[in-house]
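Chemist: There's a structure below that I have some questions on.
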Amino acid sequence: MKRMLTGIAVAGMMLGGLSVAANAATIKILASWNKNVWPTYVVLDAFVKNVKKLGGDKIKIRISGPEVVPGFEQLQPVKAGVFDLLFTHGVYHMGSKGLSAIIDAMNADPVGKRTSGVWDHLDKFYQKTHGLKLIAISPNSTKGYHIFLKKPITGGNWKGRKIRGTQTYHGVIRLFGGEPVVMPGSQVYSALEKGVVDGAAWPAAGMLSMKHFEVAKYKVRPTFGTSTLPFLMNLKSFNKLSKEKQNILLQAGYMTELEMPWKGDQVQAKEDAELAKRGVKITRIPAGEVAKMRKAFSESIWKLGEKCCGEDAKKLRALAEKAGLSW
């Protein structure tokens, strides 16, 4: 907490020199989620409010969601300049060198990511590889991810069950005998309802807003990893802005990183209480297997990173481990 408060103070000092802008800039944001996925969208909501708080009317924001461009196809239109800024998860563009996905193998410490060189390394990578400027890399809580199931764990595992999960979850799903099934998040409810899958991997908060509790009554604890979401801006669009407006965006991003661990945990606590009222029960990984689960998650992500991005991923891991950020 002390580190976060220090970061907030630094952000405030950096903003002290901002001057009044002559003309408003309009930033077109493409988001991988809509408000119905509130525990994830709340990160974008916090960013937009911080831009308003710091810049007033100097920057106007227009948001388009996955109904305009599907989540897995959003990187290219931002690189092409059709949209200015992308709010997403790195796994959505893992096949196109999505290095930011492996930040999920690190804890939620936003200051540590900046002081360790992790943030700068990621920024340089996206500028060089994609022509994108990193604005923020924000956790959405300290709780990370979980699995939810139609039936509780038996025998300490979910052997033979089909569990929806993007690539980053596959290490955990397979560790306990499950079969990963890749599908868009929008299809999870109907897949559970029809028995196509027996469970799903998801950010730890989200069962409520997506109504998954109606078709799956068990959430697995403890959670694992950290859900971390990048804000990536078309570099040409960023460079066209005045230094003042660039600083507004960058400091709004930093403020979002600093506040989301505790803000996201509040969202999680509210959801947990409401789910309990609606009959959702906890089913637990055996205590002796928890360390294995967390290691399986982080190791699978690091391996994906190396496959995706080679030496850049190895350097990112070295920076994280040296700073004690890796799970």
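Here, A, B, ... name the chains of the structure tokens in the order displayed, residue numbers run from 1 inside each chain, and ligands are numbered from 1 in the same displayed order.
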Might you pull out every residue within 12 Å of Lys128 in chain A, with only C-alpha atoms counted and same-chain residues fewer than 3 positions away left off, and present them as a list of chain:residue names?
Modeler: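 Result of the neighbour search: A:Lys79, A:Lys97, A:His121, A:Leu122, A:Asp123, A:Lys124, A:Phe125, A:Gly131, A:Leu132, A:Lys133, A:Leu134, A:Asn234, A:Leu235, A:Asp312.
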Chemist: Would you kindly return, as a list in words, each protein, DNA or RNA residue with an atom no farther than 8 Å from any atom of range 82-87 of chain A, considering only C-alpha atoms and excluding same-chain residues fewer than 2 positions away?
Modeler: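 Result of the neighbour search: Ile27, Lys28, Ile29, Leu30, Ala31, Ser32, Leu44, Gln74, Leu75, Pro77, Val78, Lys79, Ala80, His89, Leu229, Pro230, Phe231, Leu232, Met233, Asn234, Ser237 and Phe238 of chain A.
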Chemist: Could you please write out, as a PyMOL selection string, every residue of range 41-201 of chain A that DSSP assigns to helix (DSSP H, G or I)?
Modeler: chain A and resi 41-55+71-73+75-79+90-96+99-105+110-115+118-130+167-175+185-194
Chemist: From a DSSP pass on the backbone, collect the residues of range 7-212 of chain A flagged as strand (DSSP E) and hand them back as a ChimeraX atom specification.
Modeler: /A:25-31,59-64,85-87,132-139,145-149,162-164,179-181,199-203
Chemist: Only N, CA and C atoms, please: the residues just picked out, written as a tab-separated table (two decimals), in the first residue's frame.
Modeler:
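Below you can see result34.tsv, which holds the result:
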```
chain	number	residue	atom	x	y	z
A	25	ALA	N	-9.04	17.06	-28.03
A	25	ALA	CA	-8.70	15.93	-28.90
A	25	ALA	C	-9.72	14.83	-28.67
A	26	THR	N	-10.10	14.14	-29.73
A	26	THR	CA	-11.03	13.02	-29.61
A	26	THR	C	-10.25	11.72	-29.77
A	27	ILE	N	-10.36	10.83	-28.79
A	27	ILE	CA	-9.68	9.55	-28.79
A	27	ILE	C	-10.71	8.45	-28.99
A	28	LYS	N	-10.55	7.68	-30.07
A	28	LYS	CA	-11.47	6.58	-30.35
A	28	LYS	C	-10.91	5.29	-29.74
A	29	ILE	N	-11.60	4.78	-28.72
A	29	ILE	CA	-11.16	3.58	-28.02
A	29	ILE	C	-11.93	2.36	-28.52
A	30	LEU	N	-11.21	1.30	-28.80
A	30	LEU	CA	-11.82	0.02	-29.14
A	30	LEU	C	-11.62	-0.92	-27.94
A	31	ALA	N	-12.72	-1.41	-27.39
A	31	ALA	CA	-12.67	-2.23	-26.17
A	31	ALA	C	-13.08	-3.67	-26.48
A	59	ILE	N	-9.70	16.29	-23.59
A	59	ILE	CA	-9.72	15.04	-24.34
A	59	ILE	C	-11.12	14.45	-24.27
A	60	LYS	N	-11.69	14.20	-25.42
A	60	LYS	CA	-13.00	13.55	-25.50
A	60	LYS	C	-12.79	12.10	-25.93
A	61	ILE	N	-13.58	11.21	-25.39
A	61	ILE	CA	-13.40	9.78	-25.65
A	61	ILE	C	-14.66	9.18	-26.26
A	62	ARG	N	-14.47	8.40	-27.31
A	62	ARG	CA	-15.56	7.64	-27.92
A	62	ARG	C	-15.18	6.16	-27.82
A	63	ILE	N	-16.10	5.35	-27.32
A	63	ILE	CA	-15.81	3.93	-27.09
A	63	ILE	C	-16.64	3.05	-28.02
A	64	SER	N	-15.98	2.12	-28.69
A	64	SER	CA	-16.65	1.08	-29.47
A	64	SER	C	-16.26	-0.26	-28.87
A	85	LEU	N	-6.98	3.80	-29.75
A	85	LEU	CA	-6.52	3.14	-28.52
A	85	LEU	C	-7.26	1.84	-28.31
A	86	LEU	N	-6.54	0.81	-27.88
A	86	LEU	CA	-7.11	-0.52	-27.67
A	86	LEU	C	-7.07	-0.87	-26.19
A	87	PHE	N	-8.21	-1.29	-25.65
A	87	PHE	CA	-8.31	-1.82	-24.29
A	87	PHE	C	-8.64	-3.29	-24.42
A	132	LEU	N	2.63	0.61	-31.58
A	132	LEU	CA	1.68	0.97	-30.53
A	132	LEU	C	2.41	1.48	-29.30
A	133	LYS	N	1.86	2.49	-28.67
A	133	LYS	CA	2.42	3.07	-27.45
A	133	LYS	C	1.66	2.54	-26.24
A	134	LEU	N	2.39	1.98	-25.28
A	134	LEU	CA	1.75	1.52	-24.04
A	134	LEU	C	1.32	2.73	-23.21
A	135	ILE	N	0.05	2.76	-22.87
A	135	ILE	CA	-0.50	3.82	-22.02
A	135	ILE	C	-0.64	3.34	-20.58
A	136	ALA	N	-1.03	2.09	-20.43
A	136	ALA	CA	-1.16	1.50	-19.09
A	136	ALA	C	-1.17	0.00	-19.21
A	137	ILE	N	-0.79	-0.67	-18.12
A	137	ILE	CA	-0.90	-2.13	-18.02
A	137	ILE	C	-1.49	-2.38	-16.64
A	138	SER	N	-2.82	-2.43	-16.58
A	138	SER	CA	-3.51	-2.37	-15.30
A	138	SER	C	-4.06	-3.72	-14.84
A	139	PRO	N	-3.79	-4.10	-13.58
A	139	PRO	CA	-4.50	-5.26	-13.01
A	139	PRO	C	-5.96	-4.87	-12.83
A	145	TYR	N	-7.67	-15.07	-11.46
A	145	TYR	CA	-8.56	-15.95	-12.20
A	145	TYR	C	-9.09	-17.09	-11.34
A	146	HIS	N	-10.11	-17.75	-11.88
A	146	HIS	CA	-10.62	-18.95	-11.22
A	146	HIS	C	-11.30	-19.85	-12.25
A	147	ILE	N	-11.67	-21.02	-11.79
A	147	ILE	CA	-12.48	-21.96	-12.59
A	147	ILE	C	-13.85	-22.06	-11.92
A	148	PHE	N	-14.91	-22.07	-12.71
A	148	PHE	CA	-16.21	-22.40	-12.12
A	148	PHE	C	-16.78	-23.62	-12.83
A	149	LEU	N	-17.54	-24.43	-12.08
A	149	LEU	CA	-17.96	-25.75	-12.54
A	149	LEU	C	-19.45	-25.99	-12.30
A	162	LYS	N	-14.67	-31.12	-19.64
A	162	LYS	CA	-14.34	-30.13	-20.65
A	162	LYS	C	-14.51	-28.75	-20.04
A	163	ILE	N	-13.44	-27.96	-20.08
A	163	ILE	CA	-13.46	-26.65	-19.43
A	163	ILE	C	-13.01	-25.58	-20.43
A	164	ARG	N	-13.87	-24.60	-20.62
A	164	ARG	CA	-13.55	-23.50	-21.54
A	164	ARG	C	-12.40	-22.68	-20.96
A	179	GLU	N	-9.97	-31.08	-19.99
A	179	GLU	CA	-9.72	-30.90	-21.42
A	179	GLU	C	-10.08	-29.47	-21.80
A	180	PRO	N	-9.10	-28.65	-22.19
A	180	PRO	CA	-9.40	-27.26	-22.54
A	180	PRO	C	-10.25	-27.15	-23.80
A	181	VAL	N	-11.20	-26.23	-23.78
A	181	VAL	CA	-12.04	-25.94	-24.94
A	181	VAL	C	-11.97	-24.43	-25.17
A	199	GLY	N	-17.43	-26.61	-17.33
A	199	GLY	CA	-16.98	-25.50	-16.53
A	199	GLY	C	-16.24	-24.51	-17.40
A	200	ALA	N	-15.75	-23.46	-16.78
A	200	ALA	CA	-15.03	-22.44	-17.55
A	200	ALA	C	-13.99	-21.75	-16.68
A	201	ALA	N	-12.92	-21.31	-17.31
A	201	ALA	CA	-11.92	-20.47	-16.65
A	201	ALA	C	-12.26	-19.03	-17.00
A	202	TRP	N	-12.12	-18.14	-16.01
A	202	TRP	CA	-12.60	-16.77	-16.18
A	202	TRP	C	-11.90	-15.89	-15.15
A	203	PRO	N	-11.87	-14.58	-15.36
A	203	PRO	CA	-11.45	-13.72	-14.27
A	203	PRO	C	-12.27	-14.01	-13.01
```
Chemist: Between CA of Asp272 in chain A and CA of Ala204 in chain A, what distance in Å does the model show, to one decimal?
Modeler: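 Spanning CA of Asp272 in chain A to CA of Ala204 in chain A is a straight-line distance of 9.5 Å.
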